[in-house]
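Asker: A single structure is presented below for examination.
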Amino acid sequence: MWVSETMLQQTRVDTAVPYYERWMAALPTVDALARAGDEQVLRLWEGLGYYARARNLSRAAREVRERFGGRIPADPDQLRTLPGVGAYTAAAVASIAFGRDVAAVDGNVRRVLARLAAVAGPARRPPASRTLEALAAALLPPGTARVHNQAVMELGALVCTPRDPACAACPVAGPCRARAAGRPEAYPERTQKKTVPHHRVAVGIVCRDDGRVFIDRRPYGGLLGGLWEFPGGKIEPGETPEDALHRELDEEFGLRVAVEGALGPVPHAYTHFRVTLHPFLCRFASMVPRAGEGRPWQWVPGDALDRYPMPRANRKILAQLRTSNLEPERKRSPCPPGSPT
DNA sequence: AAGTCGTGGCA
DNA sequence: TTGCCAAGACT
């Protein structure tokens with residue numbers, strides 16, 4: 001339940017299911033998770049997004065071992081102290097896995113209750129959020145949390161949907177005040193969205209004559225933290241993609257390359273900005289590594305790239321490379337033949 | 001309180 | 001193409 005609820009944060013069930021099956025097969029117990037390395041954990045998580053969830057999950061497994069004797073606590077307040085476990089996940093695990101009588105309030109529940117009681121204001125922020133939490137607790141029939149929580153979430157997911165809710169099929173259409181008011185989809189109130197910035201990024205697939213490719217590891221804590229990627233960086237105003245590539249490779253790694261060809265631009269959308277990747281196939285020329293604490297990097301065989309956790313956008317580039325005619329003349333071995341899974 | 005943090009499906 | 005959003009947590 002803990003793993004599945006974590007995977008389901010901001011993620012659709014259909015998306016999470018195959019990841020869940022694969023994860024539980026590889027790491028079936030808290031102890032197995034506690035002993036697993038971040039490399040394996042992130043590889044299992046690759047493609048699901050919000051990678052802090054995976055890092056927190058393995059950290060929390062170690063805490064369960066050390067602080068709770070290897071037993072996942074049943075008390076929501078204790079669950080809540082584990083990294084990555086917030087109010088919703090604590091309540092979901094406590095109620096569904098352990099039968100505790102606590103209301104789990106997720107986005108579905110907020111929407112259902114906001115409509116049922118016509119609660120004004122953005123549902124995720126006070127004072128509406130407090131009203132909705134109190135309402136959820138008050139409407140929870142004692143002794144039924146395990147089924148009740150899932151029923152309300154399911155109602156929100158299948159019937160009381162964000163747009164065009166199926167009120168005709170709703171078991172609580174009668175007392176629903178938003179429906180009575182005529183516009184159920186007006187609840188909960190939307191918060192205004194900002195227009196997302198768009199960045200252009202140059203990316204280098206840098207190959208050596210021995211068929212190895214350069215990758216670096218993104219710092220923990222930030223965007224795509226802990227994942228490996230092809231080097232590169234933001235294209236500044238007035239700069240060509242190729243100029244940006246040479247500048248970034250030199251600045252970050254002291255890496256000099258010869259560009260052998262360009263791949264098509266790869267569009268990719270993150271949560272709060274969009275990027276267009278401009279990938280270049282490059283031949284390694286020289287490298288004078290920077291002194292100090294740069295980010296980790298290494299040369300890996302092209303066919304080993306699928307063993308490293310990488311961002312989705314990098315996999316897109318790799319897939320494009322395989323279907324292009326841009327692969328360079330080979331001296332000894334292919335560069336990179338990598339067949340990502 | 002408001003920003004950060006992925007990805008894929010859909011209109 | 002663009003915006004919206006989906007079983008949130010953390011800073």
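Naming scheme: A, B, ... for chains in displayed order of the structure tokens; residues 1 onward per chain; ligands 1 onward as shown.
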Hey, what's within 12 Å of B:DA2 if we count only C-alpha atoms (C1' of nucleotides) and toss same-chain stuff fewer than 2 positions away? As a PDB file with C-alpha atoms (C1' of nucleotides), in the first residue's frame, please?
Answerer:
ATOM      1  CA  ARG A 125      -5.525  26.205   0.592  1.00  0.00           C
ATOM      2  CA  THR A 191      -6.293  28.967  -8.971  1.00  0.00           C
TER       3      THR A 191
ATOM      4  C1'  DT B   4       9.417  23.272  -6.977  1.00  0.00           C
TER       5       DT B   4
ATOM      6  C1'  DT C  11      10.777  23.938   1.298  1.00  0.00           C
TER       7       DT C  11
END
Asker: Run DSSP on the backbone and give me the residues of stretch 212-301 of chain A it puts in alpha helix (DSSP H), as JSON, numbers by chain.
Answerer: {"A": [241, 242, 243, 244, 245, 246, 247, 248, 249, 250, 251, 252, 253]}
Asker: When distances are computed from only C-alpha atoms, which of A:Pro28, A:Pro76, A:Gly70, A:Gly121 shows the smallest separation from A:Gln192?
Answerer: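 Result for the nearest residue to A:Gln192: A:Gly121.
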Asker: Can you check which parts of chain A lie within 9 Å of chain C? Per residue, the shortest pair of atoms and distance in Å to one decimal, counting only C-alpha atoms (C1' of nucleotides), sorted by chain and number, as a Markdown table.
Answerer:
| residue | atom | partner | partner_atom | distance |
| --- | --- | --- | --- | --- |
| A:Glu5 | CA | C:DA7 | C1' | 6.7 |
| A:Thr6 | CA | C:DG8 | C1' | 8.8 |
| A:Met7 | CA | C:DA7 | C1' | 8.8 |
| A:Leu8 | CA | C:DA7 | C1' | 5.3 |
| A:Gln9 | CA | C:DG8 | C1' | 5.4 |
| A:Gln10 | CA | C:DA6 | C1' | 5.0 |
| A:Thr11 | CA | C:DA6 | C1' | 5.2 |
| A:Arg12 | CA | C:DA6 | C1' | 5.5 |
| A:Val13 | CA | C:DA7 | C1' | 7.9 |
| A:Arg53 | CA | C:DA9 | C1' | 8.5 |
| A:Pro83 | CA | C:DA9 | C1' | 8.6 |
| A:Gly84 | CA | C:DA9 | C1' | 5.9 |
| A:Val85 | CA | C:DA9 | C1' | 7.1 |
| A:Gly86 | CA | C:DA9 | C1' | 6.0 |
| A:Ala87 | CA | C:DG8 | C1' | 8.8 |
| A:Tyr88 | CA | C:DG8 | C1' | 7.5 |
| A:Thr89 | CA | C:DG8 | C1' | 8.3 |
| A:Ala92 | CA | C:DA7 | C1' | 8.9 |
| A:Asp106 | CA | C:DA7 | C1' | 6.4 |
| A:Gly107 | CA | C:DA7 | C1' | 7.5 |
| A:Asn108 | CA | C:DA7 | C1' | 7.6 |
| A:Gln150 | CA | C:DA7 | C1' | 9.0 |
| A:Met153 | CA | C:DA7 | C1' | 7.2 |
| A:Ala157 | CA | C:DA7 | C1' | 8.9 |
| A:Pro162 | CA | C:DC5 | C1' | 8.7 |
Asker: Could you work out which residues of chain A fall inside 7 Å of chain B? Count only C-alpha atoms (C1' of nucleotides), and format the result as a PyMOL selection string.
Answerer: chain A and resi 47-50+223+270-271
